[in-house]
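Chemist: Sharing run_35.txt here; it has compact mmCIF, C-alpha atoms.
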# COMPACT_ATOMS: atom_id res chain seq x y z
CA ASN E 55 33.89 45.37 19.01
CA ALA E 56 36.83 47.74 18.74
CA GLY E 57 38.14 46.54 22.11
CA VAL E 58 40.40 49.06 23.88
CA THR E 59 41.35 52.12 21.87
CA GLN E 60 43.91 54.76 22.78
CA THR E 61 44.75 58.13 21.31
CA PRO E 62 47.14 59.52 20.35
CA LYS E 63 49.58 56.82 19.19
CA PHE E 64 52.58 59.13 19.46
CA ARG E 65 53.19 62.49 21.11
CA ILE E 66 56.14 64.74 21.81
CA LEU E 67 55.74 67.18 24.71
CA LYS E 68 57.95 69.94 25.97
CA ILE E 69 58.84 70.02 29.65
CA GLY E 70 56.05 71.66 31.62
CA GLN E 71 53.31 71.05 29.06
CA SER E 72 50.18 69.09 29.90
CA MET E 73 48.18 66.57 27.93
CA THR E 74 45.48 63.94 28.22
CA LEU E 75 45.83 60.39 26.96
CA GLN E 76 42.47 59.03 25.92
CA CYS E 77 41.29 55.46 26.51
CA THR E 78 37.95 53.94 25.55
CA GLN E 79 36.65 50.39 25.75
CA ASP E 80 33.43 49.01 24.30
CA MET E 81 33.30 45.67 26.14
CA ASN E 82 31.35 46.96 29.17
CA HIS E 83 34.29 46.10 31.42
CA ASN E 84 34.09 47.49 34.94
CA TYR E 85 37.83 47.53 35.62
CA MET E 86 40.21 49.80 33.73
CA TYR E 87 43.94 50.38 34.19
CA TRP E 88 46.75 52.61 33.08
CA TYR E 89 50.26 51.16 32.87
CA ARG E 90 53.58 52.60 31.76
CA GLN E 91 56.35 50.58 30.17
CA ASP E 92 59.92 51.83 30.41
CA PRO E 93 62.74 50.24 28.38
CA GLY E 94 63.95 47.01 29.96
CA MET E 95 61.35 47.18 32.71
CA GLY E 96 58.06 45.44 33.33
CA LEU E 97 54.83 47.36 33.00
CA LYS E 98 53.95 49.33 36.11
CA LEU E 99 50.49 50.34 37.25
CA ILE E 100 49.80 54.08 37.38
CA TYR E 101 46.10 54.23 38.26
CA TYR E 102 43.14 51.93 38.10
CA SER E 103 39.37 52.16 38.32
CA VAL E 104 36.86 49.58 39.51
CA GLY E 105 33.89 51.39 38.03
CA ALA E 106 32.51 54.77 37.01
CA GLY E 107 33.30 57.39 39.62
CA ILE E 108 35.89 55.24 41.44
CA THR E 109 39.62 55.51 40.91
CA ASP E 110 42.69 54.60 42.95
CA LYS E 111 46.45 54.93 42.81
CA GLY E 112 48.73 52.20 41.59
CA GLU E 113 52.45 51.80 42.02
CA VAL E 114 53.65 54.96 40.20
CA PRO E 115 50.90 57.64 40.35
CA ASN E 116 52.99 60.78 40.87
CA GLY E 117 52.59 63.33 38.08
CA TYR E 118 49.36 61.83 36.78
CA ASN E 119 45.64 62.17 37.33
CA VAL E 120 42.66 60.16 36.13
CA SER E 121 38.91 60.35 36.05
CA ARG E 122 36.19 57.82 35.25
CA SER E 123 32.92 59.54 34.49
CA THR E 124 31.60 56.72 32.30
CA THR E 125 32.13 52.97 32.08
CA GLU E 126 33.71 53.35 28.67
CA ASP E 127 36.26 56.14 29.17
CA PHE E 128 39.32 56.37 31.40
CA PRO E 129 41.52 59.35 30.45
CA LEU E 130 44.99 59.85 31.93
CA ARG E 131 46.10 63.42 32.53
CA LEU E 132 49.75 64.49 32.66
CA GLU E 133 50.31 67.82 34.37
CA LEU E 134 53.66 69.62 34.03
CA ALA E 135 55.32 66.94 31.92
CA ALA E 136 58.83 65.88 32.93
CA PRO E 137 61.48 63.86 31.04
CA SER E 138 60.93 61.02 33.53
CA GLN E 139 57.46 60.57 32.03
CA THR E 140 58.91 59.56 28.68
CA SER E 141 57.48 56.09 28.28
CA VAL E 142 54.97 53.93 26.48
CA TYR E 143 51.55 54.07 28.09
CA PHE E 144 49.06 51.21 27.91
CA CYS E 145 45.43 51.30 28.89
CA ALA E 146 43.77 47.98 29.74
CA SER E 147 40.38 46.76 30.82
CA SER E 148 38.88 43.62 32.32
CA TYR E 149 35.71 42.27 33.82
CA TRP E 150 35.83 41.44 37.51
CA LEU E 151 32.97 39.96 39.42
CA ALA E 152 32.96 38.48 42.91
CA GLY E 153 36.52 37.18 42.71
CA GLU E 154 36.12 35.63 39.29
CA LYS E 155 39.22 36.02 37.20
CA TYR E 156 39.03 37.43 33.71
CA GLU E 157 41.60 38.35 31.09
CA GLN E 158 42.89 41.86 30.60
CA TYR E 159 42.61 43.47 27.21
CA PHE E 160 45.20 46.04 26.22
CA GLY E 161 45.07 49.08 24.01
CA PRO E 162 47.73 49.62 21.32
CA GLY E 163 49.76 52.02 23.47
CA THR E 164 50.79 55.67 23.34
CA ARG E 165 54.47 56.46 22.89
CA LEU E 166 55.20 59.71 24.73
CA THR E 167 58.46 61.65 24.62
CA VAL E 168 59.07 64.64 26.89
CA THR E 169 61.97 66.88 25.86
CA LYS M 88 64.10 41.69 44.23
CA ASN M 89 61.32 41.71 41.66
CA GLU M 90 58.21 39.79 42.60
CA VAL M 91 58.11 38.25 39.11
CA GLU M 92 61.30 37.00 37.49
CA GLN M 93 61.60 35.67 33.96
CA SER M 94 64.38 33.73 32.29
CA PRO M 95 66.05 33.99 29.95
CA GLN M 96 65.94 37.72 29.19
CA ASN M 97 66.85 37.09 25.55
CA LEU M 98 66.49 33.94 23.50
CA THR M 99 67.53 33.21 19.92
CA ALA M 100 66.33 30.01 18.30
CA GLN M 101 66.34 28.37 14.90
CA GLU M 102 63.05 27.75 13.17
CA GLY M 103 61.58 24.45 14.30
CA GLU M 104 63.19 24.40 17.73
CA PHE M 105 61.29 23.72 20.95
CA ILE M 106 61.36 26.80 23.17
CA THR M 107 60.85 27.19 26.92
CA ILE M 108 60.47 30.46 28.79
CA ASN M 109 60.37 30.38 32.58
CA CYS M 110 58.63 32.54 35.16
CA SER M 111 59.10 32.47 38.92
CA TYR M 112 57.17 34.55 41.40
CA SER M 113 57.51 35.23 45.10
CA VAL M 114 53.98 36.24 46.09
CA GLY M 115 50.71 34.45 46.55
CA ILE M 116 48.69 34.62 43.37
CA SER M 117 45.16 34.06 42.18
CA ALA M 118 46.13 33.74 38.52
CA LEU M 119 49.12 33.92 36.19
CA HIS M 120 49.05 35.40 32.71
CA TRP M 121 51.28 34.95 29.72
CA LEU M 122 51.21 37.85 27.29
CA GLN M 123 52.79 38.44 23.92
CA GLN M 124 54.06 41.85 22.87
CA HIS M 125 54.53 42.19 19.15
CA PRO M 126 57.42 44.14 17.64
CA GLY M 127 54.91 46.91 16.88
CA GLY M 128 54.17 47.20 20.60
CA GLY M 129 50.68 45.72 20.94
CA ILE M 130 50.04 43.34 23.84
CA VAL M 131 47.77 40.34 23.62
CA SER M 132 46.85 37.78 26.23
CA LEU M 133 47.96 34.22 25.45
CA PHE M 134 46.96 32.35 28.59
CA MET M 135 45.47 32.90 31.99
CA LEU M 136 45.90 29.98 34.37
CA SER M 137 45.70 29.21 38.06
CA SER M 138 46.59 25.52 37.97
CA GLY M 139 47.77 22.75 35.70
CA LYS M 140 48.32 23.22 32.00
CA LYS M 141 46.74 24.93 29.02
CA LYS M 142 47.40 24.44 25.32
CA HIS M 143 46.57 26.60 22.34
CA GLY M 144 47.95 25.55 19.01
CA ARG M 145 51.73 25.31 19.34
CA LEU M 146 51.76 27.10 22.69
CA ILE M 147 51.63 25.31 26.04
CA ALA M 148 51.59 26.97 29.45
CA THR M 149 52.10 25.15 32.73
CA ILE M 150 52.05 26.28 36.32
CA ASN M 151 53.26 24.70 39.56
CA ILE M 152 51.62 26.55 42.42
CA GLN M 153 53.68 24.84 45.13
CA GLU M 154 56.96 25.78 43.44
CA LYS M 155 55.67 29.23 42.35
CA HIS M 156 56.82 28.60 38.83
CA SER M 157 55.33 28.67 35.36
CA SER M 158 56.68 27.80 31.93
CA LEU M 159 55.63 28.78 28.44
CA HIS M 160 56.58 26.32 25.72
CA ILE M 161 56.50 26.88 21.97
CA THR M 162 56.71 23.79 19.79
CA ALA M 163 57.97 23.91 16.19
CA SER M 164 58.95 27.57 16.53
CA HIS M 165 58.50 29.91 13.57
CA PRO M 166 59.91 33.37 12.78
CA ARG M 167 56.42 34.83 13.34
CA ASP M 168 56.76 33.76 16.99
CA SER M 169 59.44 36.44 17.41
CA ALA M 170 58.13 38.76 20.10
CA VAL M 171 58.53 39.66 23.76
CA TYR M 172 56.77 37.20 26.05
CA ILE M 173 55.64 38.62 29.36
CA CYS M 174 54.66 36.79 32.52
CA ALA M 175 52.30 38.60 34.87
CA VAL M 176 50.61 37.60 38.09
CA ARG M 177 47.42 38.67 39.75
CA THR M 178 47.86 38.66 43.51
CA GLY M 179 45.14 38.02 46.00
CA ARG M 180 45.50 41.51 47.44
CA SER M 181 45.20 43.36 44.15
CA GLN M 182 42.12 44.86 42.60
CA GLY M 183 42.59 42.83 39.47
CA ASN M 184 45.73 44.56 38.33
CA LEU M 185 48.77 42.59 37.28
CA ILE M 186 52.40 42.55 38.42
CA PHE M 187 54.62 42.08 35.41
CA GLY M 188 57.93 40.43 34.72
CA LYS M 189 60.40 42.27 32.50
CA GLY M 190 59.74 40.00 29.55
CA THR M 191 61.71 37.56 27.43
CA LYS M 192 62.68 38.70 23.97
CA LEU M 193 62.47 35.78 21.56
CA SER M 194 63.97 35.85 18.10
CA VAL M 195 63.38 32.88 15.82
CA LYS M 196 65.70 32.70 12.80
CA PRO M 197 64.62 31.04 9.55
Mind turning the file's structure into structure tokens?

Modeler:
Amino acid sequence: NAGVTQTPKFRILKIGQSMTLQCTQDMNHNYMYWYRQDPGMGLKLIYYSVGAGITDKGEVPNGYNVSRSTTEDFPLRLELAAPSQTSVYFCASSYWLAGEKYEQYFGPGTRLTVT
Amino acid sequence: KNEVEQSPQNLTAQEGEFITINCSYSVGISALHWLQQHPGGGIVSLFMLSSGKKKHGRLIATINIQEKHSSLHITASHPRDSAVYICAVRTGRSQGNLIFGKGTKLSVKP
């Protein structure tokens, strides 16, 4: 299993540009998450999905959009990039069933700079 | 006030030392995770626990639910243990997502 994969690893955007961060998992996990990590801060949840076709906002959703058309893929869309979106983005996935607790698996991260 | 607090923020140790990293939380939780973030940025899960103690190699994690406190111990530390260690909690109200502490940066000198 490849686990959780993310592309690209690095990206530089100009203010106002748009891009999509890709995330794919091959573990048949139903839950997927997008987090951002700012220097000196804990990871914060942007969006999450509990299954294909179902997404919901996390703590810091403004400026982002997501979709979940398949179990495997959970892309994160940045519209009109702003310097405040400069961060490292992590995708994660886990299996969640009837309150049972399972580990989260993280992708390698995407380092995004908006200038 | 952050819901998850870690101490210390930075820790420098000599190879072979016993290391303790602490995590306190202020919310009800269903599980607590300890994660390791390598210098290259990747994050891996070390432990997930909801009570008692877990051990894996030289790593030991404990949790006291009544005191809302967890500790991560590293015995016989080694330079390859140098990383950021992150405490995260899963609350009862969440849909499986985690609330993260800011991390403890550990540097082990040879």

Chemist: Can you check which residues of chain M have any atom within 10 Å of chain E? Use all atoms listed in the file and format it as a PyMOL selection string.

Modeler: chain M and resi 89+91-92+96+117-118+120+122+127-137+173-175+177+179+181-190

Chemist: Would you work out the distance separating atom CA of M:Ser169 from atom CA of M:Thr99, expressed in Å to one decimal?

Modeler: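 Interatomic distance here is 9.1 Å.
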
Chemist: Rounded to one decimal place, report the atom CA of M:Ile106-atom CA of M:Leu119 distance in Å.

Modeler: 19.2 Å

Chemist: Considering all atoms listed in the file, return as a PyMOL selection string whatever protein or nucleic-acid residues lie within 9 Å of E:Ile66, sequence-local ones (same chain, fewer than 5 positions apart) excluded.

Modeler: chain E and resi 165-169

Chemist: Which value, in Å to one decimal, gives the distance between atom CA of E:Lys63 and atom CA of E:Gln76?

Modeler: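 Distance reported for this atom pair: 10.0 Å.
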
Chemist: Go through M:Lys192, M:His156, M:His125, M:His165 and flag the residue nearest M:Gly139, using only C-alpha atoms for the distances.

Modeler: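 Looking at the shortest contact to M:Gly139, the residue is M:His156.
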
Chemist: Which of these residues is nearest to E:Ala56, using all atoms listed in the file: E:Val120, E:Gln71, E:Glu126, E:Ser141?

Modeler: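 When distances to E:Ala56 are compared using all atoms listed in the file, the smallest one comes from E:Glu126.
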
Chemist: Hey, what's within 10 Å of M:Val195 if we count all atoms listed in the file and toss same-chain stuff fewer than 5 positions away? As a PyMOL selection string, please?

Modeler: chain M and resi 98-104+106+164-170
